[in-house]
Each structure stands twice: as C-alpha cells, then as structure tokens.
2 protein chains.
Amino acid sequence: MDLEKKAYPKVLVRPVVVITTISERGIPNAAPFSFNSPISFDPPLYGFSCNPAHDTWRNIQRNGEFVVNVVGKGLGELLHVLETDYPYEESELEHAGLTEEKAKRVKPPRIKEALAWIECKREHHVELGDHIWITGRVVEVAVKDEFWKDAGVIDVEKAKLLCHMGGEFFAVDMKEAKYKRAQ
Amino acid sequence: MDLEKKAYPKVLVRPVVVITTISERGIPNAAPFSFNSPISFDPPLYGFSCNPAHDTWRNIQRNGEFVVNVVGKGLGELLHVLETDYPYEESELEHAGLTEEKAKRVKPPRIKEALAWIECKREHHVELGDHIWITGRVVEVAVKDEFWKDAGVIDVEKAKLLCHMGGEFFAVDMKEAKYKRAQ
C-alpha cells in the first residue's frame, strides 16, 4: 500500500529519549525526541532533529550543551507532560514530577529516573527541511548498573526501553535476540 | 556506571534497515544500517550515517538514489551476509537469497522480503566524524498491507520489527503500547 510521503516515520520504530538543556539563568528544559541517531564512533557523535522554534534549540544555541536521557516505558505516561508547551523557563521536569541530578561534564541536569545518559556538547548543526539536525560530541556516557550486561550492551529486557512509531503508538517490552555478525 | 564514550550507541535501540543502491552499471548493492532517523516532515527527509569507504556511499555519490528497506526479525539471520564486504558490484541480495523488486520512483531495487520501503533521492550530505550523514528526500513510501493499521501506523507486533543495540545483540518481539500525547 502506498502511503503519504510524510507518513514515512510511522514505519520505523525509534528510540525515545528526553533531552535536557538549560537556559542562561540555569532553568532546565526537558523534551522528548525520537528523531535521533548515533552518527560516528571516533569522535563519538550523536544527532537529533529539533523543531527550530523549540526551547531545546534556543538553549543549545546559547550554551551548546545537552543531555540525552534514555528512557523506558515507565516514562510513557509522562510524555504528554514533557512535551507540553509550557512558557520558557518553566521546568517540564517539575511538572512531570521527575528528579534533576547533576551531570558530570555539562551544566544541564540528568534525569534521575532515566536508564542511561549521554552528555553532549554541540559540534555541528544544519537546517534540513522543517527541522534542525543538531550533532553533539559525546563527552560522558553512563548507565544504571542493573541495566548493563557483562557482554557490553544495555539489557533491553530489564531496561524496558521505549520506542515510538507515530502518534499515540509506541513499542515496549522487547525481547533480546542474538544474530551472527560479519567479521 | 560510566561507559567508554564510544559505547554510547549501545544504550539506544535503533531500527535496522537495509539500504539498496545501484552502481553505474545497474548492479544492486544492499547493506544493513542502524544509525538512521527521520529528520523532517515537510519536505519529508530521512537520514543515515554511512562509512565513507562503503559501496553504498560510492553508489549514492554517482546517482543520488537509495531505497530504505524496513526489515523484521526474519532478516536477522541474514544480516551477516548482507554486511559482508564482497567485491564491488557483487550483489549482496543474491548472496543472501533475497529478491529484487522494482522501485516506483528510483532505480535501486526494493527488497521484496522487506516490510516497508522508503524511496529517497539525495538531498544533502555532511562528513561528521568517521561517517557521512546522508540525507535523502523521500519520494515514495509503501508498506505491505498486512502490516499497516487502520490507525495509520505500522503494526509493530505483526511486522516483528528488528532493532539493534550493539554487536550481536538485537531487540525483537516488541509489543504495542498507547500513551497520551500533548495537543
């Protein structure tokens, strides 16, 4: 079946992250994103697509720092709060009842309830269509011990990671599978 | 627990796609990618991160066209074949026993065994770290009827979509959940 071209994101399951930034006065902003991807290993670069009118971009333009908070299905019920368009400098974290925690290498806070954190400093940005593709250099990465496997990968079953397809539809409760890779 | 910075992709579950391109002589190439994301709705833009030495980039540089084949766990066992570094113009699709199908608006083929297809023409590219971030304009999107829900989103449970965390570790068998969105 042919789909409208703008429906193309709805055939991809994408990881939900909540990105935290801070204003010049140090007030945190938090917003969920699912248009996001790793880009490079060396240097480690991560990218996400941001509405240019969004407070996240406003803050990153000013101080260049953000934290990618990787979240699980526990955050599902709070997404609509985090994505509500509150006035600038009104903290979505407070509205959602989430907890700020100091990040290691950047000023925006981590979200304590997240499962893993990728701290970034802006490296590059480019306007592409109706969004800005923002690339950050990864300066610190951490994961809650209980969600990290000895094999060196997140435990997707324990972490109960959250992905988005479109609108109200999300993917949860995924199982781990192992497939052979090329050498 | 703090992780090595280059391990950051291993805390994100990312959709696996197989990207098909063709050489100047019309020989198809197919390779799996998981560093990929939607970027913009209007115009519809999709991006992925490609090793600059890869045949996929070589082909896109020449003719600017590619198909994003969205795949399910049925492809898991074939990934190591698709990512094997065969000589240029040796078709990975043949090695993997997959079937070419004519695309609608671009020359590279769709993979018949895929669940959905996003046909793209190159719009932009930028070297970021050790990869090239390639952005394509979506010119056609289609999905197999049986995997599309009336609600206007892929049926993640029927489609059995495949995601990657890192190395041999993948996420499969995800369930659908519905969460409220902000207006």
# chains A, B, ... in the order shown; residues from 1 in each chain; ligands from 1
$ interface_residues --of "chain A" --to "chain B" --cutoff "6 Å" --atoms "only C-alpha atoms" --output "PyMOL selection string"
chain A and resi 1-3+5-6+9-11+13+15+35-44+49+76-77+80+84+129-131+140-145+153-154+168-182
$ write_last_selection --atoms "N, CA and C atoms" --output "compact mmCIF listing (two decimals), in the first residue's frame"
# COMPACT_ATOMS: atom_id res chain seq x y z
N MET A 1 0.84 -1.18 0.00
CA MET A 1 0.00 0.00 0.00
C MET A 1 0.89 1.25 0.00
N ASP A 2 0.60 2.16 -0.93
CA ASP A 2 1.37 3.41 -0.93
C ASP A 2 0.89 4.31 0.20
N LEU A 3 1.83 4.98 0.83
CA LEU A 3 1.47 5.90 1.93
C LEU A 3 1.78 7.33 1.51
N LYS A 5 3.77 10.60 1.66
CA LYS A 5 5.22 10.66 1.92
C LYS A 5 5.54 11.09 3.35
N LYS A 6 4.75 12.01 3.88
CA LYS A 6 5.07 12.49 5.22
C LYS A 6 4.78 11.45 6.31
N PRO A 9 7.86 8.29 8.76
CA PRO A 9 8.42 7.91 10.07
C PRO A 9 7.61 6.79 10.74
N LYS A 10 6.36 6.62 10.33
CA LYS A 10 5.47 5.65 11.00
C LYS A 10 5.72 4.20 10.61
N VAL A 11 6.73 3.97 9.77
CA VAL A 11 7.13 2.58 9.50
C VAL A 11 8.47 2.25 10.19
N VAL A 13 10.52 2.08 13.99
CA VAL A 13 10.49 2.21 15.46
C VAL A 13 11.73 2.94 15.91
N PRO A 15 14.05 5.04 19.02
CA PRO A 15 14.25 5.13 20.47
C PRO A 15 13.78 6.48 21.01
N PHE A 35 13.37 11.43 16.78
CA PHE A 35 14.16 11.54 15.55
C PHE A 35 15.60 11.73 16.00
N ASN A 36 16.32 10.63 16.17
CA ASN A 36 17.66 10.73 16.74
C ASN A 36 18.46 9.50 16.37
N SER A 37 19.79 9.64 16.35
CA SER A 37 20.64 8.53 15.94
C SER A 37 22.10 8.77 16.32
N PRO A 38 22.82 7.69 16.63
CA PRO A 38 24.28 7.81 16.65
C PRO A 38 24.75 8.19 15.24
N ILE A 39 25.92 8.84 15.17
CA ILE A 39 26.46 9.24 13.87
C ILE A 39 27.86 8.69 13.65
N SER A 40 28.72 8.81 14.65
CA SER A 40 30.15 8.49 14.48
C SER A 40 30.69 7.90 15.78
N PHE A 41 31.66 6.99 15.65
CA PHE A 41 32.31 6.40 16.83
C PHE A 41 33.50 7.24 17.29
N ASP A 42 34.32 7.70 16.33
CA ASP A 42 35.57 8.38 16.67
C ASP A 42 35.74 9.62 15.80
N PRO A 43 35.43 10.80 16.31
CA PRO A 43 34.94 11.06 17.67
C PRO A 43 33.51 10.57 17.82
N PRO A 44 33.08 10.31 19.07
CA PRO A 44 31.71 9.87 19.29
C PRO A 44 30.74 11.04 19.08
N SER A 49 16.95 15.58 15.69
CA SER A 49 16.26 16.55 14.85
C SER A 49 15.32 17.37 15.72
N GLY A 76 6.46 6.49 29.70
CA GLY A 76 5.41 6.60 28.69
C GLY A 76 4.26 7.50 29.12
N GLU A 77 3.79 7.33 30.33
CA GLU A 77 2.63 8.08 30.82
C GLU A 77 2.96 9.56 31.05
N HIS A 80 3.33 13.16 27.58
CA HIS A 80 2.46 14.29 27.21
C HIS A 80 2.72 15.49 28.11
N THR A 84 4.44 19.16 26.63
CA THR A 84 3.52 20.32 26.69
C THR A 84 4.33 21.60 26.53
N GLY A 129 15.03 20.86 5.96
CA GLY A 129 13.57 20.89 5.93
C GLY A 129 13.03 21.72 7.07
N ASP A 130 12.01 21.19 7.75
CA ASP A 130 11.37 21.95 8.83
C ASP A 130 12.03 21.71 10.19
N HIS A 131 13.17 21.06 10.21
CA HIS A 131 13.87 20.79 11.48
C HIS A 131 15.33 21.21 11.38
N GLU A 140 30.46 12.26 27.87
CA GLU A 140 30.30 11.36 29.02
C GLU A 140 29.11 10.44 28.75
N VAL A 141 29.23 9.19 29.12
CA VAL A 141 28.13 8.22 28.97
C VAL A 141 28.05 7.40 30.25
N ALA A 142 26.84 7.19 30.72
CA ALA A 142 26.67 6.35 31.91
C ALA A 142 25.35 5.60 31.81
N VAL A 143 25.29 4.49 32.54
CA VAL A 143 24.09 3.66 32.53
C VAL A 143 23.90 3.14 33.96
N LYS A 144 22.66 2.94 34.36
CA LYS A 144 22.43 2.35 35.68
C LYS A 144 22.97 0.93 35.66
N ASP A 145 23.74 0.57 36.68
CA ASP A 145 24.43 -0.74 36.71
C ASP A 145 23.51 -1.90 36.36
N VAL A 153 26.49 -4.28 26.59
CA VAL A 153 25.35 -3.75 25.86
C VAL A 153 24.22 -3.57 26.87
N ILE A 154 23.26 -2.69 26.57
CA ILE A 154 22.16 -2.50 27.51
C ILE A 154 21.30 -3.77 27.57
N GLU A 168 0.04 8.18 19.08
CA GLU A 168 -0.05 7.56 20.41
C GLU A 168 0.60 6.19 20.46
N PHE A 169 1.19 5.74 19.34
CA PHE A 169 1.65 4.35 19.25
C PHE A 169 3.14 4.20 19.54
N PHE A 170 3.43 3.34 20.51
CA PHE A 170 4.79 3.10 20.96
C PHE A 170 5.08 1.60 20.96
N ALA A 171 6.37 1.25 21.00
CA ALA A 171 6.77 -0.15 21.12
C ALA A 171 7.46 -0.34 22.47
N VAL A 172 7.08 -1.42 23.16
CA VAL A 172 7.62 -1.69 24.50
C VAL A 172 7.85 -3.19 24.65
N ASP A 173 8.39 -3.58 25.80
CA ASP A 173 8.51 -5.00 26.18
C ASP A 173 9.22 -5.83 25.12
N MET A 174 10.28 -5.29 24.55
CA MET A 174 11.01 -6.04 23.53
C MET A 174 11.89 -7.11 24.17
N LYS A 175 12.14 -8.14 23.39
CA LYS A 175 13.00 -9.25 23.84
C LYS A 175 14.35 -9.14 23.15
N GLU A 176 15.35 -9.72 23.78
CA GLU A 176 16.68 -9.73 23.18
C GLU A 176 16.83 -10.93 22.24
N ALA A 177 17.50 -10.72 21.13
CA ALA A 177 17.86 -11.81 20.23
C ALA A 177 19.33 -11.62 19.84
N LYS A 178 20.01 -12.73 19.55
CA LYS A 178 21.41 -12.63 19.10
C LYS A 178 21.50 -13.13 17.67
N TYR A 179 22.12 -12.35 16.81
CA TYR A 179 22.34 -12.76 15.43
C TYR A 179 23.82 -12.61 15.10
N LYS A 180 24.29 -13.51 14.29
CA LYS A 180 25.70 -13.51 13.85
C LYS A 180 26.01 -12.22 13.09
N ARG A 181 27.21 -11.67 13.29
CA ARG A 181 27.65 -10.50 12.54
C ARG A 181 28.82 -10.87 11.63
N ALA A 182 29.02 -10.10 10.59
CA ALA A 182 30.17 -10.33 9.71
C ALA A 182 31.44 -9.94 10.46
$ select_by_dssp --residues "chain B" --states "alpha helix (DSSP H)" --output "list of chain:residue names"
B:Asp55, B:Thr56, B:Trp57, B:Arg58, B:Asn59, B:Ile60, B:Gln61, B:Arg62, B:Asn63, B:Leu79, B:His80, B:Val81, B:Leu82, B:Glu92, B:Leu93, B:Glu94, B:His95, B:Ala96, B:Val156, B:Glu157, B:Lys158, B:Ala159
$ closest_residue --among "A:Ile134, A:Gly72, A:Glu65, A:Val18" --to "A:Ala103" --atoms "only C-alpha atoms"
A:Glu65
$ residues_around --residues "B:Glu24" --least-positions-apart "5" --cutoff "12 Å" --atoms "only C-alpha atoms" --output "VMD selection string"
chain B and resid 29 55 58 to 65 88 to 89 107 to 108
$ write_last_selection --atoms "N, CA and C atoms" --output "PDB file, in the first residue's frame"
ATOM      1  N   ASN B  29      23.449  -2.997  -4.769  1.00  0.00           N
ATOM      2  CA  ASN B  29      24.171  -3.220  -3.518  1.00  0.00           C
ATOM      3  C   ASN B  29      23.151  -3.138  -2.393  1.00  0.00           C
ATOM      4  N   ASP B  55      30.456   0.889  -0.243  1.00  0.00           N
ATOM      5  CA  ASP B  55      29.881   0.918  -1.597  1.00  0.00           C
ATOM      6  C   ASP B  55      28.569   1.703  -1.647  1.00  0.00           C
ATOM      7  N   ARG B  58      29.575   5.185  -2.302  1.00  0.00           N
ATOM      8  CA  ARG B  58      30.111   5.238  -3.670  1.00  0.00           C
ATOM      9  C   ARG B  58      28.969   5.320  -4.684  1.00  0.00           C
ATOM     10  N   ASN B  59      27.947   4.484  -4.511  1.00  0.00           N
ATOM     11  CA  ASN B  59      26.819   4.486  -5.443  1.00  0.00           C
ATOM     12  C   ASN B  59      25.972   5.759  -5.322  1.00  0.00           C
ATOM     13  N   ILE B  60      25.721   6.187  -4.098  1.00  0.00           N
ATOM     14  CA  ILE B  60      24.872   7.380  -3.915  1.00  0.00           C
ATOM     15  C   ILE B  60      25.564   8.616  -4.477  1.00  0.00           C
ATOM     16  N   GLN B  61      26.882   8.669  -4.350  1.00  0.00           N
ATOM     17  CA  GLN B  61      27.616   9.798  -4.935  1.00  0.00           C
ATOM     18  C   GLN B  61      27.398   9.871  -6.445  1.00  0.00           C
ATOM     19  N   ARG B  62      27.291   8.698  -7.062  1.00  0.00           N
ATOM     20  CA  ARG B  62      27.189   8.663  -8.529  1.00  0.00           C
ATOM     21  C   ARG B  62      25.802   8.969  -9.049  1.00  0.00           C
ATOM     22  N   ASN B  63      24.769   8.415  -8.369  1.00  0.00           N
ATOM     23  CA  ASN B  63      23.426   8.620  -8.926  1.00  0.00           C
ATOM     24  C   ASN B  63      22.392   9.135  -7.920  1.00  0.00           C
ATOM     25  N   GLY B  64      22.800   9.296  -6.666  1.00  0.00           N
ATOM     26  CA  GLY B  64      21.944  10.006  -5.704  1.00  0.00           C
ATOM     27  C   GLY B  64      20.675   9.295  -5.262  1.00  0.00           C
ATOM     28  N   GLU B  65      20.546   8.008  -5.546  1.00  0.00           N
ATOM     29  CA  GLU B  65      19.285   7.347  -5.198  1.00  0.00           C
ATOM     30  C   GLU B  65      19.489   6.152  -4.262  1.00  0.00           C
ATOM     31  N   TYR B  88      33.074  -4.975  -5.090  1.00  0.00           N
ATOM     32  CA  TYR B  88      32.125  -4.023  -5.674  1.00  0.00           C
ATOM     33  C   TYR B  88      31.388  -4.680  -6.832  1.00  0.00           C
ATOM     34  N   GLU B  89      30.113  -4.433  -6.927  1.00  0.00           N
ATOM     35  CA  GLU B  89      29.241  -4.968  -7.976  1.00  0.00           C
ATOM     36  C   GLU B  89      28.963  -6.462  -7.848  1.00  0.00           C
ATOM     37  N   LYS B 107      15.882   4.137  -9.213  1.00  0.00           N
ATOM     38  CA  LYS B 107      16.417   2.960  -9.919  1.00  0.00           C
ATOM     39  C   LYS B 107      16.839   1.806  -9.013  1.00  0.00           C
ATOM     40  N   PRO B 108      17.398   2.077  -7.803  1.00  0.00           N
ATOM     41  CA  PRO B 108      17.765   0.915  -6.970  1.00  0.00           C
ATOM     42  C   PRO B 108      16.517   0.103  -6.638  1.00  0.00           C
TER      43      PRO B 108
END
$ atom_distance --atom1 "atom CA of B:Pro87" --atom2 "atom CA of B:Pro52"
16.0 Å
$ residues_around --residues "stretch 98-100 of chain A" --least-positions-apart "5" --cutoff "8 Å" --atoms "only C-alpha atoms" --output "list in words"
Leu93, Pro109, Arg110, Ile111, Lys112 and Glu113 of chain A
$ write_last_selection --atoms "N, CA, C and O atoms" --output "PDB file, in the first residue's frame"
ATOM      1  N   LEU A  93      10.401  19.169  33.986  1.00  0.00           N
ATOM      2  CA  LEU A  93      10.736  18.116  34.955  1.00  0.00           C
ATOM      3  C   LEU A  93       9.883  18.257  36.210  1.00  0.00           C
ATOM      4  O   LEU A  93       9.361  17.280  36.744  1.00  0.00           O
ATOM      5  N   PRO A 109      20.981  19.233  33.618  1.00  0.00           N
ATOM      6  CA  PRO A 109      20.918  18.076  34.521  1.00  0.00           C
ATOM      7  C   PRO A 109      20.607  16.783  33.787  1.00  0.00           C
ATOM      8  O   PRO A 109      20.024  16.783  32.705  1.00  0.00           O
ATOM      9  N   ARG A 110      20.994  15.689  34.387  1.00  0.00           N
ATOM     10  CA  ARG A 110      20.468  14.388  34.006  1.00  0.00           C
ATOM     11  C   ARG A 110      19.099  14.230  34.676  1.00  0.00           C
ATOM     12  O   ARG A 110      18.808  14.897  35.672  1.00  0.00           O
ATOM     13  N   ILE A 111      18.288  13.332  34.136  1.00  0.00           N
ATOM     14  CA  ILE A 111      17.041  12.958  34.803  1.00  0.00           C
ATOM     15  C   ILE A 111      17.313  11.671  35.575  1.00  0.00           C
ATOM     16  O   ILE A 111      17.704  10.656  34.984  1.00  0.00           O
ATOM     17  N   LYS A 112      17.135  11.742  36.882  1.00  0.00           N
ATOM     18  CA  LYS A 112      17.481  10.604  37.749  1.00  0.00           C
ATOM     19  C   LYS A 112      16.725   9.338  37.349  1.00  0.00           C
ATOM     20  O   LYS A 112      17.258   8.232  37.429  1.00  0.00           O
ATOM     21  N   GLU A 113      15.471   9.490  36.914  1.00  0.00           N
ATOM     22  CA  GLU A 113      14.642   8.332  36.591  1.00  0.00           C
ATOM     23  C   GLU A 113      15.000   7.707  35.236  1.00  0.00           C
ATOM     24  O   GLU A 113      14.430   6.665  34.866  1.00  0.00           O
TER      25      GLU A 113
END
$ select_by_dssp --residues "chain B" --states "strand (DSSP E or B)" --output "PyMOL selection string"
chain B and resi 2-3+14-15+17-22+28-33+36-40+45-50+65-70+72+100-101+110-111+116-128+131-143+148-149+153-154+161+163-166+169-172+175-178
$ atom_distance --atom1 "atom CA of A:Phe33" --atom2 "atom CA of B:Ala30"
29.0 Å
$ decode --residues "stretch 50-79 of chain A" --atoms "N, CA, C and O atoms" --output "CSV table (one decimal), in the first residue's frame"
chain,number,residue,atom,x,y,z
A,50,CYS,N,15.5,18.7,15.7
A,50,CYS,CA,14.8,19.6,16.6
A,50,CYS,C,14.0,20.6,15.8
A,50,CYS,O,14.5,21.2,14.9
A,51,ASN,N,12.8,20.9,16.2
A,51,ASN,CA,12.0,22.0,15.7
A,51,ASN,C,12.7,23.3,16.1
A,51,ASN,O,13.1,23.5,17.2
A,52,PRO,N,13.0,24.1,15.1
A,52,PRO,CA,13.8,25.3,15.4
A,52,PRO,C,13.1,26.3,16.3
A,52,PRO,O,13.8,27.1,17.0
A,53,ALA,N,11.8,26.2,16.5
A,53,ALA,CA,11.1,27.1,17.4
A,53,ALA,C,11.1,26.6,18.9
A,53,ALA,O,10.6,27.2,19.8
A,54,HIS,N,11.8,25.4,19.1
A,54,HIS,CA,11.7,24.7,20.3
A,54,HIS,C,12.7,25.3,21.3
A,54,HIS,O,13.8,25.7,21.0
A,55,ASP,N,12.3,25.3,22.6
A,55,ASP,CA,13.2,25.8,23.7
A,55,ASP,C,14.5,25.0,23.7
A,55,ASP,O,15.5,25.6,24.1
A,56,THR,N,14.5,23.8,23.3
A,56,THR,CA,15.7,23.0,23.3
A,56,THR,C,16.8,23.6,22.4
A,56,THR,O,17.9,23.8,22.8
A,57,TRP,N,16.4,24.0,21.2
A,57,TRP,CA,17.3,24.7,20.3
A,57,TRP,C,17.7,26.0,20.8
A,57,TRP,O,18.9,26.4,20.8
A,58,ARG,N,16.7,26.8,21.4
A,58,ARG,CA,17.1,28.1,21.9
A,58,ARG,C,18.2,28.0,23.0
A,58,ARG,O,19.1,28.7,23.0
A,59,ASN,N,18.1,27.0,23.9
A,59,ASN,CA,19.1,26.8,24.9
A,59,ASN,C,20.4,26.3,24.3
A,59,ASN,O,21.5,26.8,24.7
A,60,ILE,N,20.3,25.4,23.4
A,60,ILE,CA,21.6,24.8,22.8
A,60,ILE,C,22.3,25.9,22.1
A,60,ILE,O,23.6,26.0,22.1
A,61,GLN,N,21.6,26.8,21.4
A,61,GLN,CA,22.2,27.9,20.7
A,61,GLN,C,23.0,28.8,21.7
A,61,GLN,O,24.1,29.3,21.3
A,62,ARG,N,22.5,28.9,22.9
A,62,ARG,CA,23.2,29.8,23.8
A,62,ARG,C,24.4,29.2,24.5
A,62,ARG,O,25.4,29.9,24.7
A,63,ASN,N,24.3,27.9,24.9
A,63,ASN,CA,25.4,27.4,25.7
A,63,ASN,C,25.9,26.0,25.1
A,63,ASN,O,26.9,25.5,25.7
A,64,GLY,N,25.3,25.5,24.1
A,64,GLY,CA,25.8,24.3,23.4
A,64,GLY,C,25.9,23.0,24.1
A,64,GLY,O,26.5,22.1,23.7
A,65,GLU,N,25.1,22.9,25.2
A,65,GLU,CA,25.2,21.6,26.0
A,65,GLU,C,23.8,21.0,26.1
A,65,GLU,O,22.8,21.6,26.2
A,66,PHE,N,23.8,19.6,26.1
A,66,PHE,CA,22.6,18.9,26.3
A,66,PHE,C,22.9,17.5,26.8
A,66,PHE,O,24.0,17.0,26.7
A,67,VAL,N,21.9,16.9,27.5
A,67,VAL,CA,22.0,15.6,28.0
A,67,VAL,C,20.9,14.7,27.3
A,67,VAL,O,19.7,15.2,27.3
A,68,VAL,N,21.3,13.6,26.8
A,68,VAL,CA,20.3,12.7,26.2
A,68,VAL,C,20.0,11.6,27.3
A,68,VAL,O,20.8,10.8,27.7
A,69,ASN,N,18.8,11.7,27.8
A,69,ASN,CA,18.3,10.8,28.8
A,69,ASN,C,17.6,9.6,28.2
A,69,ASN,O,16.5,9.8,27.5
A,70,VAL,N,18.1,8.4,28.2
A,70,VAL,CA,17.5,7.3,27.6
A,70,VAL,C,16.4,6.7,28.6
A,70,VAL,O,16.7,6.5,29.7
A,71,VAL,N,15.2,6.6,28.1
A,71,VAL,CA,14.1,6.3,29.0
A,71,VAL,C,13.4,5.0,28.6
A,71,VAL,O,13.4,4.5,27.5
A,72,GLY,N,12.7,4.4,29.6
A,72,GLY,CA,12.0,3.2,29.4
A,72,GLY,C,10.5,3.4,29.5
A,72,GLY,O,10.0,4.6,29.6
A,73,LYS,N,9.7,2.4,29.5
A,73,LYS,CA,8.2,2.5,29.4
A,73,LYS,C,7.7,3.2,30.6
A,73,LYS,O,6.6,3.8,30.6
A,74,GLY,N,8.4,3.2,31.7
A,74,GLY,CA,8.0,4.0,32.9
A,74,GLY,C,7.7,5.5,32.6
A,74,GLY,O,6.9,6.1,33.3
A,75,LEU,N,8.4,6.0,31.5
A,75,LEU,CA,8.2,7.4,31.2
A,75,LEU,C,7.0,7.6,30.2
A,75,LEU,O,6.6,8.7,30.0
A,76,GLY,N,6.5,6.5,29.7
A,76,GLY,CA,5.4,6.6,28.7
A,76,GLY,C,4.3,7.5,29.1
A,76,GLY,O,3.8,8.4,28.4
A,77,GLU,N,3.8,7.3,30.3
A,77,GLU,CA,2.6,8.1,30.8
A,77,GLU,C,3.0,9.6,31.1
A,77,GLU,O,2.1,10.4,31.3
A,78,LEU,N,4.3,9.9,31.1
A,78,LEU,CA,4.6,11.3,31.4
A,78,LEU,C,5.0,12.1,30.1
A,78,LEU,O,5.2,13.3,30.1
A,79,LEU,N,5.0,11.4,29.0
A,79,LEU,CA,5.5,12.0,27.7
A,79,LEU,C,4.6,13.3,27.4
A,79,LEU,O,5.2,14.3,27.1
